[in-house]
Amino acid sequence: MIWDVLPRLAGRLIPSIISRGRQDSVYLTFDDGPDPIVTSKLSDKLSDLNCPATFFVTTSHVLTEKLLLIKLYNAGFTIGSHGHHHNSLLFSSFKKVSEDVNRSIQIINDCTGFRPTLFRPPFGKFNLNVLRVCSQQNMNIALWSQSANDWKPNAPGLLSQRIAKRTKPGDIILLHDRGLGADSTLKAIPSIVSNLRDNGFTLRALPLVSSKHV
């Protein structure tokens, strides 16, 4: 589908964009949180499963859920920026992109003492100004190679089966911990992790370093 093809293509053409990882691994990534209920329960489930993951947080939500971001960070999950406002940056000016990205960096740093090196633009949409700002901030843009389509409600069993069937070596899987489908994703996580491991994949978090090689 196009929402998978375009990120993969961008990762091949632009050196600073990550859209795939190591061929022996799969990467679970979660966008749009933190959510006071789903993110907290998801963190607990992933920890119980000893499953690394990456959370791309929208920092307008972090302002009301600072302790939850600290919980994610202390649990060892990789934290990336999903910007401050969940608005498309596709047609945004350099100033607007810079303000949004820098504000998100500052909020994450103030909460955790950690400065994120990964940025996932809302909806995966970016322009040259996003590339310029991320380069100035020594950040990689992290997209995905498989979208789970969990932004809408799914039956948990069907969601986990679809992911297992579609996943290929090195896939970065886009999931959500906030929104209409987040509760279904939360329920599906144990079977998603189990199916992927049964298929021989190692589950990893995206790295904290600014590197094309994950």
# chains A, B, ... in the order shown; residues from 1 in each chain; ligands from 1
$ residues_around --residues "Arg22 (chain A)" --least-positions-apart "2" --cutoff "6 Å" --atoms "only C-alpha atoms" --output "list in words"
Asp24, Ser25 and Gly170 of chain A
$ closest_atom_pairs --of "region 99-154 of chain A" --to "region 53-65 of chain A" --cutoff "10 Å" --atoms "only C-alpha atoms" --output "Markdown table"
| residue | atom | partner | partner_atom | distance |
| --- | --- | --- | --- | --- |
| A:Asp100 | CA | A:Thr59 | CA | 9.6 |
| A:Val101 | CA | A:Thr59 | CA | 9.8 |
| A:Arg103 | CA | A:Thr59 | CA | 8.2 |
| A:Ser104 | CA | A:Thr59 | CA | 5.5 |
| A:Ile105 | CA | A:Thr59 | CA | 8.6 |
| A:Gln106 | CA | A:Thr59 | CA | 9.4 |
| A:Ile107 | CA | A:Thr59 | CA | 6.7 |
| A:Ile108 | CA | A:Thr59 | CA | 7.3 |
| A:Cys111 | CA | A:Val62 | CA | 8.8 |
| A:Pro116 | CA | A:Phe56 | CA | 9.7 |
| A:Leu118 | CA | A:Phe56 | CA | 8.3 |
| A:Phe119 | CA | A:Phe56 | CA | 7.5 |
| A:Arg120 | CA | A:Phe56 | CA | 6.8 |
| A:Pro121 | CA | A:Phe56 | CA | 9.4 |
| A:Pro122 | CA | A:Thr58 | CA | 8.9 |
| A:Ala142 | CA | A:Phe56 | CA | 9.5 |
$ closest_residue --among "A:Tyr27, A:Trp151, A:Phe94, A:Phe114" --to "Phe126 (chain A)" --atoms "only C-alpha atoms"
A:Phe94
$ residues_around --residues "region 175-178 of chain A" --least-positions-apart "6" --cutoff "6 Å" --atoms "only C-alpha atoms" --output "PyMOL selection string"
chain A and resi 29-33+35+39+148
$ closest_residue --among "A:Ser81, A:Val26, A:Gly157, A:Val38" --to "Asn199 (chain A)" --atoms "only C-alpha atoms"
A:Val26
$ closest_residue --among "A:Arg12, A:Lys165, A:Lys152, A:Arg115" --to "Asn138 (chain A)" --atoms "only C-alpha atoms"
A:Arg115
$ closest_residue --among "A:Ile17, A:Ala182, A:Leu203, A:Val133" --to "Asn50 (chain A)" --atoms "only C-alpha atoms"
A:Leu203
$ atom_distance --atom1 "CA of Lys71 (chain A)" --atom2 "CA of Arg197 (chain A)"
25.4 Å
$ select_by_dssp --residues "region 21-149 of chain A" --states "helix (DSSP H, G or I)" --output "VMD selection string"
chain A and resid 38 to 48 59 to 62 66 to 74 94 to 112 122 to 124 128 to 136
$ select_by_dssp --residues "chain A" --states "strand (DSSP E or B)" --output "PyMOL selection string"
chain A and resi 17-18+20+25-31+54-57+78-81+118-119+140-142+146-147+171-176+202-204
$ write_last_selection --atoms "N, CA, C and O atoms" --output "CSV table (one decimal), in the first residue's frame"
chain,number,residue,atom,x,y,z
A,17,ILE,N,17.2,9.5,6.3
A,17,ILE,CA,15.9,8.9,6.7
A,17,ILE,C,16.0,7.4,6.9
A,17,ILE,O,16.6,6.7,6.1
A,18,ILE,N,15.5,6.9,8.0
A,18,ILE,CA,15.5,5.5,8.3
A,18,ILE,C,14.1,5.0,8.0
A,18,ILE,O,13.1,5.5,8.5
A,20,ARG,N,14.0,1.2,7.3
A,20,ARG,CA,14.1,-0.2,7.5
A,20,ARG,C,15.3,-0.4,8.5
A,20,ARG,O,16.1,0.5,8.7
A,25,SER,N,15.9,-8.5,12.3
A,25,SER,CA,15.1,-7.9,13.4
A,25,SER,C,13.8,-7.2,12.9
A,25,SER,O,13.6,-7.0,11.7
A,26,VAL,N,12.9,-6.9,13.8
A,26,VAL,CA,11.7,-6.2,13.6
A,26,VAL,C,11.6,-5.1,14.7
A,26,VAL,O,12.0,-5.4,15.8
A,27,TYR,N,11.0,-4.0,14.3
A,27,TYR,CA,11.0,-2.9,15.2
A,27,TYR,C,9.5,-2.4,15.4
A,27,TYR,O,8.9,-2.0,14.5
A,28,LEU,N,9.0,-2.5,16.6
A,28,LEU,CA,7.7,-2.0,16.9
A,28,LEU,C,7.8,-0.5,17.4
A,28,LEU,O,8.6,-0.2,18.3
A,29,THR,N,7.1,0.4,16.7
A,29,THR,CA,7.1,1.8,17.0
A,29,THR,C,5.7,2.3,17.2
A,29,THR,O,4.7,1.8,16.5
A,30,PHE,N,5.5,3.2,18.2
A,30,PHE,CA,4.2,3.6,18.6
A,30,PHE,C,4.1,5.2,18.5
A,30,PHE,O,5.0,5.9,19.0
A,31,ASP,N,3.1,5.7,17.8
A,31,ASP,CA,3.0,7.1,17.6
A,31,ASP,C,1.8,7.7,18.3
A,31,ASP,O,0.8,7.0,18.7
A,54,THR,N,9.9,1.5,20.5
A,54,THR,CA,10.1,2.9,20.4
A,54,THR,C,8.8,3.7,20.4
A,54,THR,O,7.9,3.3,19.7
A,55,PHE,N,8.8,4.8,21.2
A,55,PHE,CA,7.6,5.6,21.3
A,55,PHE,C,7.9,7.0,20.7
A,55,PHE,O,8.8,7.7,21.2
A,56,PHE,N,7.2,7.4,19.7
A,56,PHE,CA,7.3,8.7,19.1
A,56,PHE,C,6.2,9.6,19.7
A,56,PHE,O,5.0,9.4,19.4
A,57,VAL,N,6.6,10.4,20.7
A,57,VAL,CA,5.6,11.1,21.5
A,57,VAL,C,5.3,12.5,20.9
A,57,VAL,O,6.1,13.2,20.3
A,78,THR,N,13.0,3.4,23.8
A,78,THR,CA,13.5,4.5,23.0
A,78,THR,C,12.4,5.6,22.9
A,78,THR,O,11.3,5.2,22.5
A,79,ILE,N,12.8,6.8,23.1
A,79,ILE,CA,11.9,7.9,22.9
A,79,ILE,C,12.3,8.8,21.7
A,79,ILE,O,13.4,9.2,21.6
A,80,GLY,N,11.4,9.0,20.8
A,80,GLY,CA,11.6,9.9,19.7
A,80,GLY,C,10.5,11.0,19.7
A,80,GLY,O,9.5,10.9,20.4
A,81,SER,N,10.8,12.0,18.9
A,81,SER,CA,9.9,13.1,18.8
A,81,SER,C,8.9,12.9,17.7
A,81,SER,O,9.3,12.5,16.6
A,118,LEU,N,15.8,11.0,17.2
A,118,LEU,CA,14.9,10.5,16.1
A,118,LEU,C,13.6,11.4,16.1
A,118,LEU,O,13.0,11.8,17.1
A,119,PHE,N,13.2,11.7,14.8
A,119,PHE,CA,12.0,12.5,14.6
A,119,PHE,C,11.1,11.8,13.6
A,119,PHE,O,11.6,11.4,12.5
A,140,ASN,N,17.9,12.0,13.0
A,140,ASN,CA,17.4,11.3,11.8
A,140,ASN,C,15.9,11.3,11.8
A,140,ASN,O,15.2,11.2,12.8
A,141,ILE,N,15.3,11.3,10.6
A,141,ILE,CA,13.9,11.1,10.4
A,141,ILE,C,13.7,9.6,10.3
A,141,ILE,O,14.3,8.9,9.6
A,142,ALA,N,12.8,9.1,11.2
A,142,ALA,CA,12.5,7.7,11.3
A,142,ALA,C,11.1,7.5,10.8
A,142,ALA,O,10.1,7.9,11.4
A,146,GLN,N,6.2,-0.8,7.3
A,146,GLN,CA,4.9,-1.4,7.4
A,146,GLN,C,4.0,-0.7,8.4
A,146,GLN,O,4.3,-0.5,9.5
A,147,SER,N,2.8,-0.3,7.8
A,147,SER,CA,1.8,0.3,8.7
A,147,SER,C,0.8,-0.7,9.1
A,147,SER,O,0.3,-1.5,8.3
A,171,ASP,N,11.7,-4.9,9.0
A,171,ASP,CA,10.5,-4.0,9.0
A,171,ASP,C,10.5,-3.1,10.3
A,171,ASP,O,10.7,-3.6,11.4
A,172,ILE,N,10.2,-1.9,10.1
A,172,ILE,CA,9.8,-1.0,11.1
A,172,ILE,C,8.3,-0.8,11.0
A,172,ILE,O,7.8,-0.4,10.0
A,173,ILE,N,7.6,-1.3,12.1
A,173,ILE,CA,6.2,-1.4,12.1
A,173,ILE,C,5.6,-0.1,12.8
A,173,ILE,O,5.9,0.2,13.9
A,174,LEU,N,4.7,0.5,12.1
A,174,LEU,CA,4.0,1.7,12.6
A,174,LEU,C,2.7,1.3,13.3
A,174,LEU,O,1.8,0.7,12.7
A,175,LEU,N,2.7,1.6,14.6
A,175,LEU,CA,1.5,1.3,15.5
A,175,LEU,C,1.2,2.6,16.2
A,175,LEU,O,1.9,3.6,16.1
A,176,HIS,N,0.1,2.6,17.0
A,176,HIS,CA,-0.4,3.8,17.7
A,176,HIS,C,-0.8,3.5,19.1
A,176,HIS,O,-1.4,2.4,19.3
A,202,THR,N,13.9,-11.1,15.9
A,202,THR,CA,14.3,-10.5,17.1
A,202,THR,C,13.7,-9.1,17.1
A,202,THR,O,13.8,-8.4,16.2
A,203,LEU,N,13.1,-8.8,18.3
A,203,LEU,CA,12.4,-7.5,18.4
A,203,LEU,C,13.4,-6.5,19.0
A,203,LEU,O,14.0,-6.8,20.1
A,204,ARG,N,13.6,-5.3,18.4
A,204,ARG,CA,14.5,-4.3,18.9
A,204,ARG,C,13.8,-3.0,18.9
A,204,ARG,O,12.8,-2.7,18.2
$ closest_residue --among "A:Ser184, A:Thr167, A:Ser88, A:Ser19" --to "Gly200 (chain A)" --atoms "only C-alpha atoms"
A:Thr167
$ closest_residue --among "A:Asn109, A:Asn195, A:Ser47, A:Thr185" --to "Ala155 (chain A)" --atoms "only C-alpha atoms"
A:Thr185
$ residues_around --residues "Ala188 (chain A)" --least-positions-apart "4" --cutoff "9 Å" --atoms "only C-alpha atoms" --output "list in words"
Ala155, Pro156, Gly157, Leu158, Leu159, Ser160, Asp183, Ser184, Ile192 and Val193 of chain A
$ residues_around --residues "Leu90 (chain A)" --least-positions-apart "6" --cutoff "9 Å" --atoms "only C-alpha atoms" --output "list of chain:residue names"
A:Pro121, A:Lys125, A:Phe126, A:Asn127, A:Leu128, A:Asn129, A:Val130
$ atom_distance --atom1 "CA of Pro52 (chain A)" --atom2 "CA of Phe77 (chain A)"
6.2 Å
$ decode --residues "region 76-112 of chain A" --atoms "N, CA, C and O atoms" --output "mmCIF file, in the first residue's frame"
data_model
loop_
_atom_site.group_PDB
_atom_site.id
_atom_site.type_symbol
_atom_site.label_atom_id
_atom_site.label_comp_id
_atom_site.auth_asym_id
_atom_site.auth_seq_id
_atom_site.Cartn_x
_atom_site.Cartn_y
_atom_site.Cartn_z
ATOM 1 N N GLY A 76 13.264 1.930 29.819
ATOM 2 C CA GLY A 76 14.266 1.586 28.811
ATOM 3 C C GLY A 76 13.794 1.670 27.377
ATOM 4 O O GLY A 76 14.523 1.268 26.460
ATOM 5 N N PHE A 77 12.600 2.192 27.150
ATOM 6 C CA PHE A 77 12.125 2.330 25.781
ATOM 7 C C PHE A 77 12.804 3.518 25.107
ATOM 8 O O PHE A 77 13.149 4.511 25.754
ATOM 9 N N THR A 78 12.997 3.408 23.805
ATOM 10 C CA THR A 78 13.539 4.521 23.037
ATOM 11 C C THR A 78 12.449 5.573 22.857
ATOM 12 O O THR A 78 11.310 5.250 22.503
ATOM 13 N N ILE A 79 12.816 6.830 23.090
ATOM 14 C CA ILE A 79 11.871 7.938 22.945
ATOM 15 C C ILE A 79 12.283 8.782 21.742
ATOM 16 O O ILE A 79 13.426 9.239 21.646
ATOM 17 N N GLY A 80 11.352 8.978 20.819
ATOM 18 C CA GLY A 80 11.566 9.859 19.683
ATOM 19 C C GLY A 80 10.535 10.965 19.690
ATOM 20 O O GLY A 80 9.505 10.880 20.380
ATOM 21 N N SER A 81 10.803 12.007 18.923
ATOM 22 C CA SER A 81 9.866 13.129 18.824
ATOM 23 C C SER A 81 8.893 12.909 17.671
ATOM 24 O O SER A 81 9.292 12.529 16.566
ATOM 25 N N HIS A 82 7.623 13.176 17.942
ATOM 26 C CA HIS A 82 6.585 13.201 16.902
ATOM 27 C C HIS A 82 6.084 14.634 16.718
ATOM 28 O O HIS A 82 4.981 14.865 16.225
ATOM 29 N N GLY A 83 6.931 15.583 17.140
ATOM 30 C CA GLY A 83 6.576 16.990 17.073
ATOM 31 C C GLY A 83 5.748 17.412 18.262
ATOM 32 O O GLY A 83 5.368 16.612 19.116
ATOM 33 N N HIS A 84 5.482 18.715 18.334
ATOM 34 C CA HIS A 84 4.671 19.228 19.434
ATOM 35 C C HIS A 84 3.180 19.158 19.099
ATOM 36 O O HIS A 84 2.383 18.638 19.872
ATOM 37 N N HIS A 85 2.820 19.686 17.962
ATOM 38 C CA HIS A 85 1.438 19.609 17.507
ATOM 39 C C HIS A 85 1.350 18.522 16.432
ATOM 40 O O HIS A 85 2.237 18.405 15.600
ATOM 41 N N HIS A 86 0.285 17.766 16.459
ATOM 42 C CA HIS A 86 0.145 16.689 15.470
ATOM 43 C C HIS A 86 -0.458 17.264 14.188
ATOM 44 O O HIS A 86 -1.544 16.876 13.753
ATOM 45 N N ASN A 87 0.292 18.185 13.578
ATOM 46 C CA ASN A 87 -0.135 18.805 12.323
ATOM 47 C C ASN A 87 0.866 18.468 11.228
ATOM 48 O O ASN A 87 2.077 18.388 11.477
ATOM 49 N N SER A 88 0.375 18.287 10.014
ATOM 50 C CA SER A 88 1.267 18.005 8.891
ATOM 51 C C SER A 88 2.253 19.151 8.699
ATOM 52 O O SER A 88 1.888 20.327 8.759
ATOM 53 N N LEU A 89 3.510 18.794 8.469
ATOM 54 C CA LEU A 89 4.562 19.790 8.207
ATOM 55 C C LEU A 89 4.892 19.887 6.726
ATOM 56 O O LEU A 89 5.860 20.543 6.348
ATOM 57 N N LEU A 90 4.081 19.269 5.890
ATOM 58 C CA LEU A 90 4.397 19.162 4.471
ATOM 59 C C LEU A 90 4.586 20.526 3.813
ATOM 60 O O LEU A 90 5.446 20.691 2.952
ATOM 61 N N PHE A 91 3.794 21.506 4.197
ATOM 62 C CA PHE A 91 3.875 22.823 3.580
ATOM 63 C C PHE A 91 4.332 23.885 4.573
ATOM 64 O O PHE A 91 4.102 25.074 4.361
ATOM 65 N N SER A 92 4.988 23.470 5.629
ATOM 66 C CA SER A 92 5.391 24.404 6.679
ATOM 67 C C SER A 92 6.701 25.096 6.352
ATOM 68 O O SER A 92 7.605 24.516 5.727
ATOM 69 N N SER A 93 6.824 26.329 6.807
ATOM 70 C CA SER A 93 8.046 27.109 6.620
ATOM 71 C C SER A 93 9.149 26.600 7.526
ATOM 72 O O SER A 93 8.900 25.844 8.487
ATOM 73 N N PHE A 94 10.368 27.028 7.245
ATOM 74 C CA PHE A 94 11.498 26.649 8.087
ATOM 75 C C PHE A 94 11.266 27.100 9.519
ATOM 76 O O PHE A 94 11.535 26.352 10.472
ATOM 77 N N LYS A 95 10.760 28.306 9.695
ATOM 78 C CA LYS A 95 10.529 28.838 11.045
ATOM 79 C C LYS A 95 9.511 27.992 11.794
ATOM 80 O O LYS A 95 9.721 27.650 12.965
ATOM 81 N N LYS A 96 8.415 27.638 11.129
ATOM 82 C CA LYS A 96 7.365 26.870 11.793
ATOM 83 C C LYS A 96 7.866 25.472 12.163
ATOM 84 O O LYS A 96 7.606 24.980 13.266
ATOM 85 N N VAL A 97 8.598 24.832 11.237
ATOM 86 C CA VAL A 97 9.146 23.499 11.522
ATOM 87 C C VAL A 97 10.132 23.574 12.683
ATOM 88 O O VAL A 97 10.096 22.758 13.606
ATOM 89 N N SER A 98 10.997 24.579 12.630
ATOM 90 C CA SER A 98 12.012 24.731 13.671
ATOM 91 C C SER A 98 11.367 24.928 15.036
ATOM 92 O O SER A 98 11.784 24.312 16.029
ATOM 93 N N GLU A 99 10.342 25.767 15.104
ATOM 94 C CA GLU A 99 9.662 26.014 16.374
ATOM 95 C C GLU A 99 9.024 24.739 16.914
ATOM 96 O O GLU A 99 9.112 24.439 18.110
ATOM 97 N N ASP A 100 8.387 23.978 16.030
ATOM 98 C CA ASP A 100 7.695 22.769 16.458
ATOM 99 C C ASP A 100 8.684 21.704 16.929
ATOM 100 O O ASP A 100 8.527 21.126 18.016
ATOM 101 N N VAL A 101 9.698 21.446 16.123
ATOM 102 C CA VAL A 101 10.673 20.414 16.463
ATOM 103 C C VAL A 101 11.464 20.795 17.717
ATOM 104 O O VAL A 101 11.643 19.973 18.634
ATOM 105 N N ASN A 102 11.914 22.033 17.768
ATOM 106 C CA ASN A 102 12.720 22.456 18.916
ATOM 107 C C ASN A 102 11.918 22.438 20.221
ATOM 108 O O ASN A 102 12.445 22.095 21.279
ATOM 109 N N ARG A 103 10.646 22.798 20.126
ATOM 110 C CA ARG A 103 9.814 22.754 21.329
ATOM 111 C C ARG A 103 9.650 21.321 21.808
ATOM 112 O O ARG A 103 9.710 21.043 23.006
ATOM 113 N N SER A 104 9.465 20.406 20.874
ATOM 114 C CA SER A 104 9.302 19.002 21.268
ATOM 115 C C SER A 104 10.586 18.470 21.904
ATOM 116 O O SER A 104 10.541 17.740 22.903
ATOM 117 N N ILE A 105 11.733 18.818 21.337
ATOM 118 C CA ILE A 105 13.018 18.402 21.904
ATOM 119 C C ILE A 105 13.156 18.914 23.335
ATOM 120 O O ILE A 105 13.548 18.185 24.247
ATOM 121 N N GLN A 106 12.817 20.182 23.530
ATOM 122 C CA GLN A 106 12.980 20.801 24.841
ATOM 123 C C GLN A 106 12.098 20.151 25.886
ATOM 124 O O GLN A 106 12.528 19.890 27.021
ATOM 125 N N ILE A 107 10.854 19.838 25.521
ATOM 126 C CA ILE A 107 9.930 19.232 26.478
ATOM 127 C C ILE A 107 10.408 17.837 26.872
ATOM 128 O O ILE A 107 10.393 17.470 28.054
ATOM 129 N N ILE A 108 10.817 17.046 25.890
ATOM 130 C CA ILE A 108 11.331 15.704 26.191
ATOM 131 C C ILE A 108 12.570 15.789 27.075
ATOM 132 O O ILE A 108 12.712 15.047 28.052
ATOM 133 N N ASN A 109 13.457 16.710 26.754
ATOM 134 C CA ASN A 109 14.684 16.871 27.534
ATOM 135 C C ASN A 109 14.396 17.337 28.955
ATOM 136 O O ASN A 109 15.010 16.855 29.921
ATOM 137 N N ASP A 110 13.450 18.259 29.092
ATOM 138 C CA ASP A 110 13.107 18.759 30.424
ATOM 139 C C ASP A 110 12.533 17.650 31.304
ATOM 140 O O ASP A 110 12.766 17.625 32.514
ATOM 141 N N CYS A 111 11.773 16.731 30.695
ATOM 142 C CA CYS A 111 11.128 15.662 31.461
ATOM 143 C C CYS A 111 12.084 14.540 31.822
ATOM 144 O O CYS A 111 11.990 13.959 32.915
ATOM 145 N N THR A 112 12.981 14.217 30.914
ATOM 146 C CA THR A 112 13.790 12.999 31.070
ATOM 147 C C THR A 112 15.287 13.248 31.200
ATOM 148 O O THR A 112 16.024 12.344 31.608
#
